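**Student:** Pasting in a structure now, in structure tokens, and then I'll have a few things to ask.
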Amino acid sequence: MYAKREWFLTLLVLLYVFLSFIDPSLPSKSLRLIDYESLATIISLLVVSRGLEISGAFTRIAPRIVELSGGSEVKLLALIMLTVAISSAVIMNDTAMFIFIPLVLTISRITKTDRVRTVTLTAIAANIGSALTPIGNPQNIIIWRTYGISVYEFISGMLLYVSIWIGLLLLFVCLTCKGKSVKSFVIPRVRVNRVLLFISTILLIVDVILTQFGYAFIGLALTLVILALIGREALLSLDVALVAIFALIFIDFRELSFIIAPLNFMSLQRNPIMTVALSVGLSQIISNVPATVLLTSSNVKPEWIPLAVGVNLGGTGIIIGSLANFIAVRISGISLKEFHKYSLLYFLVALGITILLVGL
């Protein structure tokens with residue numbers, strides 16, 4: 001039952017066993033394949049994100065969104081998408097799904113809006129919004145750490161692409177709503193834990209600064225100690241299986257990069273368009289975080305912007321492209337067919353526009 005629920009972790013374990021048969025030395029060198037600084041940053045931000053979630057600050061936003069919509073479905077969905085996208089740039093796309101999917105389900109149920117469309121577009125908003133910052137998702141953290149770029153440089157490099165992706169998402173909202181109106185309703189307001197909100201926000205800033213200057217382990221230690229004293233509920237709710245998934249991703253796909261190195265397909269990454277195509281394609285097969293590890297572990301590393309563009313856009317296509325997609329579908333209960341009805345159309349249009357933009 002656990003294996004079925006944590007099927008991605010199960011697949012990574014099976015891949016590890018398979019790779020161990022190919023390379024018997026893998027068990028002895030596994031711990032050396034983990035990027036501990038990136039993993040420390042990911043754990044820190046996962047815990048801090050949980051603190052922000054538990055504080056209730058983002059849940060408090062929902063009633064305000066409905067009030068601002070003024071009964072317009074287009075405006076309501078646009079506000080939801082923008083809120084999710086902006087939030088995901090700070091609290092990570094996976095965490096955003098835990099926070100916002102229950103909210104959009106409630107809003108969809110009471111306002112009679114299309115649940116499948118709203119959930120799918122919300123997942124897309126989380127994936128593309130998180131692409132803006134180096135802390136928005138795990139693949140960006142890995143790229144940020146691997147290439148040693150500044151926060152400003154990362155945001156500047158991704159701003160145009162993310163703006164276009166969000167603009168396209170809002171266009172999808174306008175085209176699918178057809179001017180419908182929604183009834184206003186009241187959602188009970190959630191009490192905000194201001195202390196936890198303040199501490200989590202400060203820790204988020206501190207973690208980013210310390211990681212930027214190469215002190216990710218100090219940031220993790222501070223985060224764990226402070227939240228153990230003040231926000232223990234955030235610390236205790238850390239998804240340990242998710243940490244194991246990231247550790248195995250580093251081990252499995254770094255090992256895989258060594259095995260396939262003789263194929264020399266990494267030379268394709270010298271071309272920005274090929275880098276985008278390769279990273280997008282791999283994301284549809286093995287998910288965007290493993291694709292990032294695989295491509296950044298090669299001797300011939302691609303330019304970071306096409307890589308970041310590819311793996312982030314790759315999360316908006318097939319459900320396997322991003323863990324955030326799995327979380328959205330898992331919580332909402334919609335089918336894979338329903339999810340792909342909207343995600344694949346958005347993905348193909350966005351990919352075409354992005355390829356043209358990269359080629360300019």
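In the structure tokens, each chain is lettered A, B, ... as it comes, each chain's residues begin at 1, and ligands are numbered from 1 in order of appearance.
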Would you give me, as a ChimeraX atom specification, the residues in region 59-136 of chain A that DSSP reads as alpha helix (DSSP H)?
**Tutor:** /A:61-69,73-91,93-111,115-130
**Student:** Determine, for each residue of region 66-171 of chain A having at least one atom at most 7 Å from an atom of region 32-48 of chain A, the closest pair of atoms and their separation in Å to one decimal, counting only C-alpha atoms; order by chain and ascending number, as a tab-separated table.
**Tutor:**
residue	atom	partner	partner_atom	distance
A:Pro138	CA	A:Ile42	CA	6.4
A:Ile141	CA	A:Ser38	CA	6.5
A:Ile142	CA	A:Ser38	CA	5.9
A:Arg145	CA	A:Ser38	CA	6.4
**Student:** Go ahead and save the picked residues with C-alpha atoms, as a CSV table (one decimal), in the first residue's frame.
**Tutor:**
chain,number,residue,atom,x,y,z
A,138,PRO,CA,13.8,22.1,-6.6
A,141,ILE,CA,17.6,25.4,-6.6
A,142,ILE,CA,19.8,22.8,-8.3
A,145,ARG,CA,23.6,26.1,-6.8
**Student:** Report the distance between CA of Ile54 (chain A) and CA of Phe217 (chain A) in Å, rounded to one decimal place.
**Tutor:**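 If I compute the distance from CA of Ile54 (chain A) to CA of Phe217 (chain A), I get 24.1 Å.
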**Student:** Looking at only C-alpha atoms, which of A:Glu255, A:Leu220, A:Val309, A:Leu12 is the one that sits closest to Pro24 (chain A)?
**Tutor:**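 Of A:Glu255, A:Leu220, A:Val309, A:Leu12, the one nearest Pro24 (chain A), counting only C-alpha atoms, is A:Glu255.
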**Student:** Listing only residues of region 186-272 of chain A within 12 Å of region 13-20 of chain A, what is the closest atom pair and its distance in Å (to one decimal) for each, using only C-alpha atoms, sorted by chain and residue number ascending, as a Markdown table?
**Tutor:**
| residue | atom | partner | partner_atom | distance |
| --- | --- | --- | --- | --- |
| A:Ala241 | CA | A:Val13 | CA | 11.9 |
| A:Ala244 | CA | A:Val13 | CA | 9.9 |
| A:Ile245 | CA | A:Val13 | CA | 9.0 |
| A:Phe246 | CA | A:Val13 | CA | 11.7 |
| A:Ala247 | CA | A:Val13 | CA | 10.8 |
| A:Leu248 | CA | A:Val13 | CA | 7.5 |
| A:Ile249 | CA | A:Tyr16 | CA | 9.5 |
| A:Phe250 | CA | A:Tyr16 | CA | 10.8 |
| A:Ile251 | CA | A:Tyr16 | CA | 7.9 |
| A:Asp252 | CA | A:Tyr16 | CA | 5.8 |
| A:Phe253 | CA | A:Tyr16 | CA | 9.3 |
| A:Arg254 | CA | A:Leu19 | CA | 10.9 |
| A:Glu255 | CA | A:Leu19 | CA | 7.7 |
| A:Leu256 | CA | A:Leu19 | CA | 7.7 |
| A:Ser257 | CA | A:Leu19 | CA | 11.3 |
| A:Phe258 | CA | A:Leu19 | CA | 11.0 |
| A:Ile259 | CA | A:Leu19 | CA | 9.2 |
| A:Ile260 | CA | A:Leu19 | CA | 11.8 |
**Student:** Just write the chosen residues, N, CA and C atoms, as a PDB file, in the first residue's frame.
**Tutor:**
ATOM      1  N   ALA A 241       9.433  11.375   3.048  1.00  0.00           N
ATOM      2  CA  ALA A 241       9.482  10.640   1.785  1.00  0.00           C
ATOM      3  C   ALA A 241       9.956  11.539   0.656  1.00  0.00           C
ATOM      4  N   ALA A 244      13.679  11.846   0.842  1.00  0.00           N
ATOM      5  CA  ALA A 244      14.279  10.619   0.304  1.00  0.00           C
ATOM      6  C   ALA A 244      14.230  10.613  -1.219  1.00  0.00           C
ATOM      7  N   ILE A 245      13.143  11.130  -1.776  1.00  0.00           N
ATOM      8  CA  ILE A 245      13.014  11.204  -3.237  1.00  0.00           C
ATOM      9  C   ILE A 245      14.117  12.071  -3.832  1.00  0.00           C
ATOM     10  N   PHE A 246      14.351  13.235  -3.237  1.00  0.00           N
ATOM     11  CA  PHE A 246      15.375  14.129  -3.763  1.00  0.00           C
ATOM     12  C   PHE A 246      16.776  13.521  -3.625  1.00  0.00           C
ATOM     13  N   ALA A 247      17.038  12.858  -2.521  1.00  0.00           N
ATOM     14  CA  ALA A 247      18.336  12.211  -2.324  1.00  0.00           C
ATOM     15  C   ALA A 247      18.555  11.129  -3.381  1.00  0.00           C
ATOM     16  N   LEU A 248      17.527  10.317  -3.634  1.00  0.00           N
ATOM     17  CA  LEU A 248      17.646   9.260  -4.639  1.00  0.00           C
ATOM     18  C   LEU A 248      17.738   9.813  -6.056  1.00  0.00           C
ATOM     19  N   ILE A 249      17.093  10.949  -6.289  1.00  0.00           N
ATOM     20  CA  ILE A 249      17.201  11.584  -7.609  1.00  0.00           C
ATOM     21  C   ILE A 249      18.653  11.942  -7.891  1.00  0.00           C
ATOM     22  N   PHE A 250      19.325  12.523  -6.911  1.00  0.00           N
ATOM     23  CA  PHE A 250      20.747  12.853  -7.085  1.00  0.00           C
ATOM     24  C   PHE A 250      21.566  11.590  -7.363  1.00  0.00           C
ATOM     25  N   ILE A 251      21.361  10.553  -6.571  1.00  0.00           N
ATOM     26  CA  ILE A 251      22.144   9.321  -6.710  1.00  0.00           C
ATOM     27  C   ILE A 251      21.867   8.641  -8.050  1.00  0.00           C
ATOM     28  N   ASP A 252      20.598   8.402  -8.344  1.00  0.00           N
ATOM     29  CA  ASP A 252      20.225   7.645  -9.539  1.00  0.00           C
ATOM     30  C   ASP A 252      20.648   8.349 -10.823  1.00  0.00           C
ATOM     31  N   PHE A 253      20.345   9.632 -10.912  1.00  0.00           N
ATOM     32  CA  PHE A 253      20.544  10.295 -12.196  1.00  0.00           C
ATOM     33  C   PHE A 253      21.953  10.831 -12.379  1.00  0.00           C
ATOM     34  N   ARG A 254      22.701  11.007 -11.327  1.00  0.00           N
ATOM     35  CA  ARG A 254      24.130  11.262 -11.492  1.00  0.00           C
ATOM     36  C   ARG A 254      24.840   9.990 -11.951  1.00  0.00           C
ATOM     37  N   GLU A 255      24.467   8.867 -11.368  1.00  0.00           N
ATOM     38  CA  GLU A 255      25.010   7.585 -11.807  1.00  0.00           C
ATOM     39  C   GLU A 255      24.632   7.324 -13.260  1.00  0.00           C
ATOM     40  N   LEU A 256      23.397   7.606 -13.607  1.00  0.00           N
ATOM     41  CA  LEU A 256      22.940   7.405 -14.978  1.00  0.00           C
ATOM     42  C   LEU A 256      23.714   8.282 -15.959  1.00  0.00           C
ATOM     43  N   SER A 257      24.037   9.502 -15.534  1.00  0.00           N
ATOM     44  CA  SER A 257      24.805  10.399 -16.407  1.00  0.00           C
ATOM     45  C   SER A 257      26.188   9.832 -16.693  1.00  0.00           C
ATOM     46  N   PHE A 258      26.797   9.135 -15.713  1.00  0.00           N
ATOM     47  CA  PHE A 258      28.096   8.505 -15.931  1.00  0.00           C
ATOM     48  C   PHE A 258      27.985   7.349 -16.922  1.00  0.00           C
ATOM     49  N   ILE A 259      26.887   6.604 -16.823  1.00  0.00           N
ATOM     50  CA  ILE A 259      26.706   5.427 -17.676  1.00  0.00           C
ATOM     51  C   ILE A 259      26.488   5.821 -19.136  1.00  0.00           C
ATOM     52  N   ILE A 260      25.689   6.874 -19.356  1.00  0.00           N
ATOM     53  CA  ILE A 260      25.366   7.259 -20.727  1.00  0.00           C
ATOM     54  C   ILE A 260      26.338   8.269 -21.313  1.00  0.00           C
TER      55      ILE A 260
END
**Student:** Between CA of Pro302 (chain A) and CA of Thr275 (chain A), what distance in Å does the model show, to one decimal?
**Tutor:**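 The value is 6.7 Å.
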**Student:** Residues near Gln212 (chain A), anyone? I mean within 9 Å using only C-alpha atoms, not counting same-chain ones fewer than 5 positions away, as a VMD selection string.
**Tutor:** chain A and resid 144 to 145 148 to 151 207
**Student:** Within 10 Å of Leu313 (chain A), counting only C-alpha atoms, which residues qualify if same-chain residues fewer than 3 places away don't, as JSON, numbers by chain?
**Tutor:** {"A": [124, 127, 128, 131, 161, 162, 165, 276, 279, 280, 283, 288, 307, 308, 309, 310, 316, 317, 321, 322, 347, 348, 350, 351, 354]}
**Student:** Quick one: of A:Gly352, A:Pro27, A:Gly333, A:Gly281, who's nearest to Val311 (chain A), counting only C-alpha atoms?
**Tutor:** A:Gly281
**Student:** Near Val119 (chain A), counting only C-alpha atoms, which residues have an atom at most 12 Å away, once you skip same-chain residues fewer than 4 positions from it, shown as number ranges by chain?
**Tutor:** A: 77, 80-81, 84, 97-98, 100-109, 113-115, 123-126, 324-336, 338-343
**Student:** Find the residues near Tyr152 (chain A): any atom within 10 Å, counting only C-alpha atoms, skip ones fewer than 3 places away on the same chain, and give them as a PyMOL selection string.
**Tutor:** chain A and resi 133-134+149+155-157
**Student:** Could you pull the residues within 10 Å of Leu235 (chain A), counting only C-alpha atoms, minus those fewer than 2 positions along the same chain, as a ChimeraX atom specification?
**Tutor:** /A:44,46-48,50-51,223-233,237-239
**Student:** In terms of the shortest atom-to-atom distance over only C-alpha atoms, which of A:Ser69, A:Ser287, A:Thr111, A:Asn312 is closest to Ser130 (chain A)?
**Tutor:**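 So, comparing all the options, the nearest one is A:Asn312.
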**Student:** Separation of CA of Glu53 (chain A) and CA of Ile99 (chain A), in Å?
**Tutor:**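 Separating CA of Glu53 (chain A) from CA of Ile99 (chain A) is a distance of 6.4 Å.
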**Student:** For a quick check of understanding, using only C-alpha atoms, which of A:Cys177, A:Leu242, A:Ala291, A:Ile320 has the smallest distance to Ala78 (chain A)?
**Tutor:**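 Checking each of A:Cys177, A:Leu242, A:Ala291, A:Ile320 against Ala78 (chain A), counting only C-alpha atoms, the winner is A:Cys177.
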**Student:** Which of these, A:Val206, A:Val173, A:Ile143, A:Ile319, has the shortest distance to Thr118 (chain A) once you count only C-alpha atoms?
**Tutor:**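 Result for the nearest residue to Thr118 (chain A): A:Val173.
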